[in-house]
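Everything below belongs to final-v6.pdb, which stores PDB, C-alpha atoms and all ligand atoms.
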```
MODEL        1
ATOM      1  CA  MET A1352      73.441  14.871   7.575
ATOM      2  CA  ASP A1353      72.478  14.059  11.157
ATOM      3  CA  LEU A1354      69.432  16.235  11.853
ATOM      4  CA  ARG A1355      69.987  15.869  15.608
ATOM      5  CA  LEU A1356      66.390  14.838  16.158
ATOM      6  CA  ASN A1357      67.160  11.627  17.999
ATOM      7  CA  ASN A1358      64.771  11.145  20.937
ATOM      8  CA  LYS A1359      63.213  14.577  20.459
ATOM      9  CA  VAL A1360      59.483  14.587  21.270
ATOM     10  CA  VAL A1361      57.333  16.241  18.603
ATOM     11  CA  VAL A1362      53.579  16.672  19.019
ATOM     12  CA  ILE A1363      51.790  16.483  15.643
ATOM     13  CA  THR A1364      48.085  17.158  15.191
ATOM     14  CA  GLY A1365      46.365  15.079  12.523
ATOM     15  CA  GLY A1366      49.564  13.045  12.323
ATOM     16  CA  LEU A1367      48.009   9.737  11.257
ATOM     17  CA  LYS A1368      47.081  10.704   7.721
ATOM     18  CA  GLY A1369      47.891  13.018   4.806
ATOM     19  CA  ILE A1370      50.497  15.749   5.351
ATOM     20  CA  GLY A1371      50.600  15.195   9.125
ATOM     21  CA  GLY A1372      51.088  11.462   8.581
ATOM     22  CA  GLY A1373      54.007  12.165   6.253
ATOM     23  CA  ILE A1374      55.585  14.446   8.861
ATOM     24  CA  SER A1375      55.178  11.776  11.585
ATOM     25  CA  LEU A1376      56.941   9.179   9.408
ATOM     26  CA  SER A1377      59.719  11.498   8.300
ATOM     27  CA  LEU A1378      60.439  12.606  11.892
ATOM     28  CA  ALA A1379      60.338   9.015  13.134
ATOM     29  CA  ARG A1380      62.918   7.997  10.516
ATOM     30  CA  GLU A1381      65.233  10.592  12.048
ATOM     31  CA  GLY A1382      64.811   9.096  15.523
ATOM     32  CA  ALA A1383      62.287  11.628  16.846
ATOM     33  CA  ILE A1384      59.309  10.476  18.945
ATOM     34  CA  PRO A1385      56.022  11.445  17.252
ATOM     35  CA  VAL A1386      53.227  12.169  19.715
ATOM     36  CA  ILE A1387      50.141  12.261  17.556
ATOM     37  CA  ILE A1388      46.765  13.809  18.298
ATOM     38  CA  SER A1389      44.112  12.502  15.923
ATOM     39  CA  ARG A1390      40.338  12.378  15.812
ATOM     40  CA  SER A1391      40.186   9.003  14.117
ATOM     41  CA  LYS A1392      42.316   5.863  14.202
ATOM     42  CA  ASN A1393      44.293   4.603  11.228
ATOM     43  CA  GLU A1394      45.513   1.096  11.951
ATOM     44  CA  GLU A1395      47.181   0.589   8.582
ATOM     45  CA  PHE A1396      49.225   3.758   9.055
ATOM     46  CA  GLU A1397      50.116   2.773  12.619
ATOM     47  CA  LYS A1398      51.645  -0.472  11.349
ATOM     48  CA  GLU A1399      53.871   1.543   9.020
ATOM     49  CA  LEU A1400      54.767   3.967  11.817
ATOM     50  CA  LYS A1401      55.717   1.140  14.191
ATOM     51  CA  LYS A1402      58.286  -0.112  11.690
ATOM     52  CA  VAL A1403      60.160   3.215  11.530
ATOM     53  CA  CYS A1404      59.946   4.334  15.149
ATOM     54  CA  PRO A1405      63.120   3.187  16.921
ATOM     55  CA  ASN A1406      62.354   5.387  19.921
ATOM     56  CA  GLY A1407      58.602   4.841  20.188
ATOM     57  CA  TYR A1408      55.542   6.940  19.481
ATOM     58  CA  ALA A1409      52.185   7.785  21.045
ATOM     59  CA  ILE A1410      48.688   8.365  19.722
ATOM     60  CA  TYR A1411      46.026  10.363  21.567
ATOM     61  CA  CYS A1412      42.509  10.070  20.134
ATOM     62  CA  PHE A1413      40.912  13.467  20.533
ATOM     63  CA  ASP A1414      38.730  15.849  18.524
ATOM     64  CA  LEU A1415      40.682  19.117  18.480
ATOM     65  CA  ALA A1416      37.492  21.083  17.895
ATOM     66  CA  ASP A1417      36.949  20.521  21.632
ATOM     67  CA  TYR A1418      39.488  23.213  22.486
ATOM     68  CA  GLU A1419      38.266  23.410  26.085
ATOM     69  CA  GLY A1420      39.365  19.806  26.599
ATOM     70  CA  LEU A1421      42.904  20.560  25.463
ATOM     71  CA  GLU A1422      44.106  21.568  28.917
ATOM     72  CA  SER A1423      43.582  18.097  30.378
ATOM     73  CA  LEU A1424      44.861  16.425  27.203
ATOM     74  CA  CYS A1425      48.095  18.454  27.397
ATOM     75  CA  LYS A1426      48.471  17.595  31.089
ATOM     76  CA  GLU A1427      48.225  13.921  30.152
ATOM     77  CA  ILE A1428      50.777  14.336  27.343
ATOM     78  CA  LEU A1429      53.204  16.345  29.501
ATOM     79  CA  ASN A1430      52.877  13.830  32.299
ATOM     80  CA  LYS A1431      54.211  11.134  29.987
ATOM     81  CA  TYR A1432      56.448  13.382  27.844
ATOM     82  CA  PRO A1433      57.629  16.345  29.960
ATOM     83  CA  ASN A1434      60.199  17.329  27.303
ATOM     84  CA  VAL A1435      58.206  18.414  24.275
ATOM     85  CA  TYR A1436      60.705  19.806  21.765
ATOM     86  CA  ALA A1437      58.335  20.820  18.959
ATOM     87  CA  LEU A1438      54.687  21.191  18.028
ATOM     88  CA  VAL A1439      53.347  20.746  14.505
ATOM     89  CA  ASN A1440      49.918  22.354  14.232
ATOM     90  CA  ASN A1441      48.505  20.612  11.171
ATOM     91  CA  ALA A1442      44.974  19.228  11.632
ATOM     92  CA  GLY A1443      42.244  20.988   9.709
ATOM     93  CA  ALA A1444      40.094  20.875   6.592
ATOM     94  CA  ASN A1445      38.910  23.191   3.875
ATOM     95  CA  ASP A1446      35.167  23.253   4.541
ATOM     96  CA  ASN A1447      34.123  25.568   1.695
ATOM     97  CA  LEU A1448      31.821  27.945   3.562
ATOM     98  CA  ALA A1449      30.683  30.577   1.061
ATOM     99  CA  ILE A1450      29.628  33.866   2.632
ATOM    100  CA  GLU A1451      26.238  33.835   0.902
ATOM    101  CA  GLU A1452      25.277  30.533   2.507
ATOM    102  CA  HIS A1453      26.749  30.611   6.019
ATOM    103  CA  ASN A1454      26.241  32.692   9.119
ATOM    104  CA  ILE A1455      28.702  33.586  11.861
ATOM    105  CA  LYS A1456      27.856  30.451  13.876
ATOM    106  CA  ASP A1457      29.079  28.289  10.974
ATOM    107  CA  ILE A1458      32.246  30.370  10.801
ATOM    108  CA  ILE A1459      32.923  29.910  14.525
ATOM    109  CA  LYS A1460      32.387  26.157  14.140
ATOM    110  CA  SER A1461      34.897  26.123  11.318
ATOM    111  CA  TYR A1462      37.358  28.079  13.464
ATOM    112  CA  GLU A1463      36.902  25.456  16.176
ATOM    113  CA  ASN A1464      38.022  22.807  13.732
ATOM    114  CA  ASN A1465      40.714  24.825  11.993
ATOM    115  CA  LEU A1466      42.033  27.583  14.201
ATOM    116  CA  PHE A1467      41.454  27.659  17.942
ATOM    117  CA  HIS A1468      43.462  24.501  18.681
ATOM    118  CA  TYR A1469      46.541  26.005  16.953
ATOM    119  CA  TYR A1470      46.449  28.718  19.633
ATOM    120  CA  GLU A1471      45.521  26.561  22.620
ATOM    121  CA  LEU A1472      48.056  23.802  21.961
ATOM    122  CA  THR A1473      50.814  26.362  21.488
ATOM    123  CA  ARG A1474      49.860  28.113  24.719
ATOM    124  CA  LEU A1475      49.681  24.891  26.717
ATOM    125  CA  LEU A1476      52.860  23.269  25.368
ATOM    126  CA  LEU A1477      54.919  26.463  25.286
ATOM    127  CA  PRO A1478      56.591  26.103  28.727
ATOM    128  CA  SER A1479      57.957  22.696  27.741
ATOM    129  CA  ILE A1480      58.993  23.894  24.258
ATOM    130  CA  LYS A1481      60.797  26.855  25.879
ATOM    131  CA  ASN A1482      62.613  24.565  28.317
ATOM    132  CA  ASN A1483      63.780  22.492  25.377
ATOM    133  CA  GLN A1484      64.753  25.446  23.111
ATOM    134  CA  GLY A1485      62.395  23.963  20.566
ATOM    135  CA  ASN A1486      60.062  25.238  17.895
ATOM    136  CA  ILE A1487      56.569  25.408  16.444
ATOM    137  CA  LEU A1488      55.587  24.674  12.858
ATOM    138  CA  ASN A1489      52.158  25.731  11.601
ATOM    139  CA  ILE A1490      50.742  24.129   8.471
ATOM    140  CA  VAL A1491      48.771  26.888   6.761
ATOM    141  CA  SER A1492      47.528  27.130   3.164
ATOM    142  CA  LYS A1493      47.962  29.073  -0.038
ATOM    143  CA  THR A1494      44.331  30.163   0.370
ATOM    144  CA  ALA A1495      45.477  32.509   3.169
ATOM    145  CA  VAL A1496      47.202  34.641   0.545
ATOM    146  CA  THR A1497      45.321  33.828  -2.683
ATOM    147  CA  GLY A1498      41.735  33.337  -1.421
ATOM    148  CA  GLN A1499      39.645  30.675  -3.103
ATOM    149  CA  GLY A1500      36.328  32.311  -3.816
ATOM    150  CA  LYS A1501      34.021  30.379  -1.515
ATOM    151  CA  THR A1502      35.776  29.483   1.686
ATOM    152  CA  SER A1503      35.642  32.473   4.039
ATOM    153  CA  ALA A1504      36.199  30.623   7.300
ATOM    154  CA  TYR A1505      39.013  28.371   6.136
ATOM    155  CA  ALA A1506      40.913  31.088   4.238
ATOM    156  CA  SER A1507      40.680  33.475   7.179
ATOM    157  CA  ALA A1508      41.641  30.753   9.697
ATOM    158  CA  LYS A1509      44.723  30.044   7.597
ATOM    159  CA  ALA A1510      45.514  33.768   7.389
ATOM    160  CA  ALA A1511      45.221  33.980  11.180
ATOM    161  CA  GLN A1512      47.675  31.075  11.460
ATOM    162  CA  ILE A1513      50.166  33.097   9.402
ATOM    163  CA  GLY A1514      49.569  35.993  11.819
ATOM    164  CA  PHE A1515      50.149  33.658  14.773
ATOM    165  CA  SER A1516      53.375  32.412  13.200
ATOM    166  CA  ARG A1517      54.887  35.885  12.788
ATOM    167  CA  GLU A1518      53.585  37.096  16.162
ATOM    168  CA  TRP A1519      54.892  34.067  18.027
ATOM    169  CA  ALA A1520      58.246  34.251  16.230
ATOM    170  CA  CYS A1521      58.577  37.782  17.660
ATOM    171  CA  ALA A1522      57.239  36.869  21.090
ATOM    172  CA  PHE A1523      59.370  33.749  21.613
ATOM    173  CA  ALA A1524      62.663  34.860  20.012
ATOM    174  CA  LYS A1525      64.006  35.937  23.403
ATOM    175  CA  ASP A1526      63.523  32.340  24.580
ATOM    176  CA  ASN A1527      65.275  30.948  21.506
ATOM    177  CA  VAL A1528      62.023  29.326  20.362
ATOM    178  CA  ARG A1529      61.546  29.402  16.578
ATOM    179  CA  VAL A1530      58.180  29.578  14.819
ATOM    180  CA  ASN A1531      57.654  28.903  11.113
ATOM    181  CA  ALA A1532      54.861  28.005   8.723
ATOM    182  CA  ILE A1533      54.518  25.897   5.605
ATOM    183  CA  ALA A1534      51.861  26.899   3.077
ATOM    184  CA  PRO A1535      51.035  23.965   0.786
ATOM    185  CA  ALA A1536      48.975  24.551  -2.346
ATOM    186  CA  GLU A1537      47.989  21.233  -3.944
ATOM    187  CA  VAL A1538      48.919  17.967  -2.217
ATOM    188  CA  MET A1539      47.156  14.655  -2.889
ATOM    189  CA  THR A1540      45.972  13.561   0.549
ATOM    190  CA  PRO A1541      42.850  11.680   1.725
ATOM    191  CA  LEU A1542      41.185  15.081   2.240
ATOM    192  CA  TYR A1543      42.025  16.223  -1.282
ATOM    193  CA  GLU A1544      40.864  12.934  -2.820
ATOM    194  CA  LYS A1545      37.533  13.326  -1.027
ATOM    195  CA  TRP A1546      37.164  16.882  -2.365
ATOM    196  CA  LEU A1547      37.946  15.802  -5.950
ATOM    197  CA  LYS A1548      35.125  13.265  -5.775
ATOM    198  CA  ASN A1549      32.673  16.205  -5.703
ATOM    199  CA  PHE A1550      33.414  16.847  -9.379
ATOM    200  CA  PRO A1551      31.694  14.946 -12.179
ATOM    201  CA  ASN A1552      35.115  14.003 -13.579
ATOM    202  CA  PRO A1553      37.701  13.988 -10.749
ATOM    203  CA  GLN A1554      40.597  12.997 -13.034
ATOM    204  CA  GLU A1555      39.868  15.863 -15.424
ATOM    205  CA  GLN A1556      39.651  18.289 -12.492
ATOM    206  CA  TYR A1557      42.956  16.990 -11.101
ATOM    207  CA  GLU A1558      44.685  17.410 -14.482
ATOM    208  CA  GLN A1559      43.306  20.903 -14.902
ATOM    209  CA  ILE A1560      44.685  21.985 -11.505
ATOM    210  CA  ALA A1561      48.030  20.199 -11.983
ATOM    211  CA  SER A1562      48.510  21.921 -15.356
ATOM    212  CA  LYS A1563      48.730  25.268 -13.516
ATOM    213  CA  ILE A1564      51.657  24.231 -11.308
ATOM    214  CA  PRO A1565      54.866  25.554 -12.933
ATOM    215  CA  LEU A1566      57.327  22.968 -11.599
ATOM    216  CA  GLY A1567      56.561  19.650 -13.281
ATOM    217  CA  LYS A1568      52.851  20.328 -13.785
ATOM    218  CA  ARG A1569      52.146  18.061 -10.858
ATOM    219  CA  PHE A1570      50.990  18.193  -7.271
ATOM    220  CA  THR A1571      53.485  18.504  -4.414
ATOM    221  CA  THR A1572      53.945  15.115  -2.761
ATOM    222  CA  ILE A1573      53.311  14.499   0.926
ATOM    223  CA  GLU A1574      56.992  13.486   1.245
ATOM    224  CA  GLU A1575      58.167  16.800  -0.238
ATOM    225  CA  ILE A1576      56.262  18.697   2.444
ATOM    226  CA  ALA A1577      57.253  16.249   5.196
ATOM    227  CA  ASP A1578      60.988  16.248   4.450
ATOM    228  CA  PHE A1579      61.079  20.030   4.342
ATOM    229  CA  ALA A1580      59.102  20.171   7.605
ATOM    230  CA  THR A1581      61.529  17.737   9.256
ATOM    231  CA  PHE A1582      64.508  19.921   8.376
ATOM    232  CA  ILE A1583      62.761  23.093   9.614
ATOM    233  CA  ILE A1584      61.823  21.386  12.886
ATOM    234  CA  SER A1585      65.340  20.055  13.392
ATOM    235  CA  PRO A1586      68.042  21.905  15.333
ATOM    236  CA  ARG A1587      69.945  22.019  12.001
ATOM    237  CA  SER A1588      67.572  24.853  11.093
ATOM    238  CA  SER A1589      68.546  26.801  14.197
ATOM    239  CA  HIS A1590      68.521  30.340  12.750
ATOM    240  CA  THR A1591      65.248  30.164  10.803
ATOM    241  CA  THR A1592      62.198  31.798  12.332
ATOM    242  CA  GLY A1593      59.155  33.833  11.308
ATOM    243  CA  GLN A1594      59.178  32.309   7.812
ATOM    244  CA  ILE A1595      56.199  31.295   5.681
ATOM    245  CA  PHE A1596      57.484  28.660   3.251
ATOM    246  CA  HIS A1597      55.479  28.044   0.084
ATOM    247  CA  ILE A1598      56.292  24.451  -0.820
ATOM    248  CA  ASP A1599      54.158  24.391  -3.940
ATOM    249  CA  GLY A1600      56.143  23.997  -7.177
ATOM    250  CA  GLY A1601      55.935  27.760  -7.747
ATOM    251  CA  TYR A1602      52.130  27.792  -7.752
ATOM    252  CA  VAL A1603      51.641  30.974  -5.738
ATOM    253  CA  HIS A1604      54.597  33.154  -6.690
ATOM    254  CA  LEU A1605      55.670  32.483 -10.273
ATOM    255  CA  ASP A1606      54.470  34.521 -13.239
ATOM    256  CA  ARG A1607      51.198  33.135 -14.558
ATOM    257  CA  ALA A1608      51.631  34.917 -17.890
ATOM    258  CA  LEU A1609      54.576  32.698 -18.802
ATOM    259  CA  ASN A1610      54.118  29.529 -20.780
ATOM    260  CA  TRP A1611      55.512  26.836 -18.486
ATOM    261  CA  ASP A1612      55.617  24.071 -21.107
TER
HETATM  262  P1  LIG A1701      43.792  14.999   5.746
HETATM  263  O1  LIG A1701      44.212  14.101   4.649
HETATM  264  O2  LIG A1701      42.350  15.046   6.096
HETATM  265  O3  LIG A1701      44.589  14.678   7.084
HETATM  266  C1  LIG A1701      44.331  15.495   8.202
HETATM  267  C2  LIG A1701      44.260  14.685   9.454
HETATM  268  O4  LIG A1701      43.893  15.602  10.524
HETATM  269  C3  LIG A1701      43.172  13.608   9.440
HETATM  270  O5  LIG A1701      43.653  12.462  10.102
HETATM  271  C4  LIG A1701      42.042  14.245  10.230
HETATM  272  O6  LIG A1701      41.210  13.316  10.898
HETATM  273  C5  LIG A1701      42.808  15.052  11.251
HETATM  274  N1  LIG A1701      41.932  16.087  11.804
HETATM  275  C6  LIG A1701      41.250  17.025  11.136
HETATM  276  N2  LIG A1701      40.503  17.764  11.989
HETATM  277  C7  LIG A1701      40.748  17.235  13.218
HETATM  278  C8  LIG A1701      40.263  17.529  14.498
HETATM  279  N3  LIG A1701      39.348  18.488  14.704
HETATM  280  N4  LIG A1701      40.707  16.797  15.544
HETATM  281  C9  LIG A1701      41.604  15.812  15.380
HETATM  282  N5  LIG A1701      42.095  15.466  14.166
HETATM  283  C10 LIG A1701      41.657  16.165  13.102
HETATM  284  O7  LIG A1701      44.255  16.519   5.408
HETATM  285  P2  LIG A1701      45.571  17.108   4.692
HETATM  286  O8  LIG A1701      45.229  17.407   3.288
HETATM  287  O9  LIG A1701      46.741  16.270   5.023
HETATM  288  O10 LIG A1701      45.659  18.517   5.428
HETATM  289  C11 LIG A1701      46.556  18.755   6.517
HETATM  290  C12 LIG A1701      46.727  20.252   6.693
HETATM  291  O11 LIG A1701      47.263  20.818   5.492
HETATM  292  C13 LIG A1701      45.412  20.997   6.965
HETATM  293  O12 LIG A1701      45.640  22.044   7.882
HETATM  294  C14 LIG A1701      45.076  21.571   5.591
HETATM  295  O13 LIG A1701      44.288  22.730   5.694
HETATM  296  C15 LIG A1701      46.471  21.888   5.063
HETATM  297  N6  LIG A1701      46.544  22.016   3.602
HETATM  298  C16 LIG A1701      46.378  20.938   2.792
HETATM  299  C17 LIG A1701      46.461  21.105   1.411
HETATM  300  C18 LIG A1701      46.328  19.947   0.446
HETATM  301  O14 LIG A1701      46.445  20.162  -0.768
HETATM  302  N7  LIG A1701      46.116  18.729   0.899
HETATM  303  C19 LIG A1701      46.675  22.378   0.864
HETATM  304  C20 LIG A1701      46.825  23.451   1.727
HETATM  305  C21 LIG A1701      46.751  23.263   3.093
HETATM  306  P3  LIG A1701      39.988  12.594  10.144
HETATM  307  O15 LIG A1701      40.630  11.470   9.394
HETATM  308  O16 LIG A1701      39.104  12.174  11.249
HETATM  309  O17 LIG A1701      39.345  13.614   9.247
ENDMDL
END
```

Write out the structure in this file as structure tokens.
Ligand code: NAP
Amino acid sequence: MDLRLNNKVVVITGGLKGIGGGISLSLAREGAIPVIISRSKNEEFEKELKKVCPNGYAIYCFDLADYEGLESLCKEILNKYPNVYALVNNAGANDNLAIEEHNIKDIIKSYENNLFHYYELTRLLLPSIKNNQGNILNIVSKTAVTGQGKTSAYASAKAAQIGFSREWACAFAKDNVRVNAIAPAEVMTPLYEKWLKNFPNPQEQYEQIASKIPLGKRFTTIEEIADFATFIISPRSSHTTGQIFHIDGGYVHLDRALNWD
């Protein structure tokens, strides 16, 4: 199937690593032009990206927590790429801020890293996305609907992103701009690997979590998220908007009382 993504410019935050990296590669393989905003460099990944980018790519080094700087960054991007077709809001991290240990200033800081840039980038790139009848994809998290017990800021930022997704789907429908979200649950990424290292036995912890995932008792792969994202971003998915897709092997919605063996 031709996804009709050839030469389409897609801005991806955190697109040099993990889930965002997978989305950059998958889009590039379909001929899209990934325009990546990332805090840190990843030369090894860039080599891989170069090989699969027939139509080029761009990387802007920028810390998205600096949401006030996004206006000039977007000007720079739009100057070079006036036709932005899609935006993938993806960058963020579960920072485990338990309510007992953190005050509102910590929460705001977490929102700066996880939430505010989703809003600002959408606002600033929207005119171009409208002109190109494009779409926005927000990467959220299962924690927005399940909670996690000690991550107030992150879980609520992710819940707000779900709110943004539905609100924007309503607001932009008249312009034929679609807005969707993907809620991963457990995906082995550099961020997840780092988190597992906090446990005395990371392998045991991994196996314990994987055993609770109905489909295959395994984590979702980066490619499984990325390929789904690529289809949703593509014009082939032209009548899909306002959806929150749980790509998680049934983790959030299937009956926990059943024996999945
Ligand atoms: P990851 O492996 O850390 O990759 C995220 C990328 O985003 C990294 O390159 C990171 O840069 C970049 N980034 C983070 N904050 C940034 C900022 N303020 N400015 C610029 N770049 C920034 O993380 P991931 O696991 O792929 O997570 C991607 C998204 O999926 C996040 O929104 C996360 O909440 C969500 N998610 C992940 C899982 C999972 O199981 N992995 C589950 C649910 C939701 P650095 O390398 O500098 O940190």

Legend entry - Best match for closeness to Tyr1462 of chain A among A:Leu1438, A:Ala1508, A:Ile1490, A:Ala1495, counting only C-alpha atoms: A:Ala1508

Inset, instruction - Within 8 Å of ligand LIG 1701 (chain A), which residues show up when you count all atoms listed in the file? List them as number ranges by chain, please. - result: A: 1364-1372, 1388-1393, 1412-1417, 1440-1445, 1463-1465, 1490-1494, 1505, 1509, 1534-1543, 1573

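Interatomic distance, atom CA of Ile1410 of chain A to atom CA of Pro1478 of chain A: 21.4 Å.
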
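Proximity ranking of A:Val1530, A:Gly1407, A:Val1496, A:Ala1449 relative to Thr1591 of chain A places A:Val1530 first, based on all atoms listed in the file.
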
Draw an axis-aligned box over all listed atoms of segment 1441-1451 of chain A, pad each side with 4 Å, and write its centre and edge lengths in Å, one decimal, as AutoDock Vina command-line options.
```
--center_x 37.4 --center_y 26.5 --center_z 6.3 --size_x 30.3 --size_y 22.6 --size_z 18.7
```

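Distances here use all atoms listed in the file; by that measure, the residue among A:Ile1513, A:Ile1576, A:Val1360, A:Leu1429 closest to Gly1485 of chain A is A:Val1360.
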
Can you tell me, as a CSV table (one decimal) with C-alpha atoms, in the frame of the given file, what residues are no more than 12 Å from Phe1523 of chain A when counting all atoms listed in the file, ignoring any on the same chain fewer than 2 positions away?
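Ended up saving to part31.csv:
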```
chain,number,residue,atom,x,y,z
A,1473,THR,CA,50.8,26.4,21.5
A,1474,ARG,CA,49.9,28.1,24.7
A,1477,LEU,CA,54.9,26.5,25.3
A,1478,PRO,CA,56.6,26.1,28.7
A,1480,ILE,CA,59.0,23.9,24.3
A,1481,LYS,CA,60.8,26.9,25.9
A,1482,ASN,CA,62.6,24.6,28.3
A,1484,GLN,CA,64.8,25.4,23.1
A,1485,GLY,CA,62.4,24.0,20.6
A,1486,ASN,CA,60.1,25.2,17.9
A,1487,ILE,CA,56.6,25.4,16.4
A,1515,PHE,CA,50.1,33.7,14.8
A,1516,SER,CA,53.4,32.4,13.2
A,1517,ARG,CA,54.9,35.9,12.8
A,1518,GLU,CA,53.6,37.1,16.2
A,1519,TRP,CA,54.9,34.1,18.0
A,1520,ALA,CA,58.2,34.3,16.2
A,1521,CYS,CA,58.6,37.8,17.7
A,1525,LYS,CA,64.0,35.9,23.4
A,1526,ASP,CA,63.5,32.3,24.6
A,1527,ASN,CA,65.3,30.9,21.5
A,1528,VAL,CA,62.0,29.3,20.4
A,1529,ARG,CA,61.5,29.4,16.6
A,1530,VAL,CA,58.2,29.6,14.8
A,1531,ASN,CA,57.7,28.9,11.1
A,1592,THR,CA,62.2,31.8,12.3
A,1593,GLY,CA,59.2,33.8,11.3
```

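With all atoms listed in the file as the atoms that count, the residue of A:Lys1563, A:Asn1489, A:Glu1395, A:Lys1426 with the shortest distance to Gly1514 of chain A is A:Asn1489.
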
Inset, instruction - Quick one: everything within 8 Å of Pro1565 of chain A, counting all atoms listed in the file, minus sequence neighbours fewer than 2 positions away in the same chain. Send it as a PyMOL selection string. - result: chain A and resi 1562-1563+1567-1568+1600-1602+1605+1611

Legend entry - Computed interatomic separation between atom CA of Ile1363 of chain A and atom CA of Leu1475 of chain A (Å): 14.1 Å

Legend entry - Selected residue of minimal separation from Val1439 of chain A among A:Leu1376, A:Leu1547, A:Leu1488, A:Ala1510, counting only C-alpha atoms: A:Leu1488

Surrounding residues of Arg1587 of chain A excluding itself and chain neighbours under 5 positions, 12 Å, all atoms listed in the file, as a PDB file with C-alpha atoms, keeping the file's coordinate frame:
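As a result, selection_17.pdb now contains:
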```pdb
ATOM      1  CA  MET A1352      73.441  14.871   7.575  1.00  0.00           C
ATOM      2  CA  ASP A1353      72.478  14.059  11.157  1.00  0.00           C
ATOM      3  CA  LEU A1354      69.432  16.235  11.853  1.00  0.00           C
ATOM      4  CA  ARG A1355      69.987  15.869  15.608  1.00  0.00           C
ATOM      5  CA  LEU A1356      66.390  14.838  16.158  1.00  0.00           C
ATOM      6  CA  GLY A1485      62.395  23.963  20.566  1.00  0.00           C
ATOM      7  CA  ASN A1486      60.062  25.238  17.895  1.00  0.00           C
ATOM      8  CA  PHE A1579      61.079  20.030   4.342  1.00  0.00           C
ATOM      9  CA  ALA A1580      59.102  20.171   7.605  1.00  0.00           C
ATOM     10  CA  THR A1581      61.529  17.737   9.256  1.00  0.00           C
ATOM     11  CA  PHE A1582      64.508  19.921   8.376  1.00  0.00           C
TER      12      PHE A1582
END
```
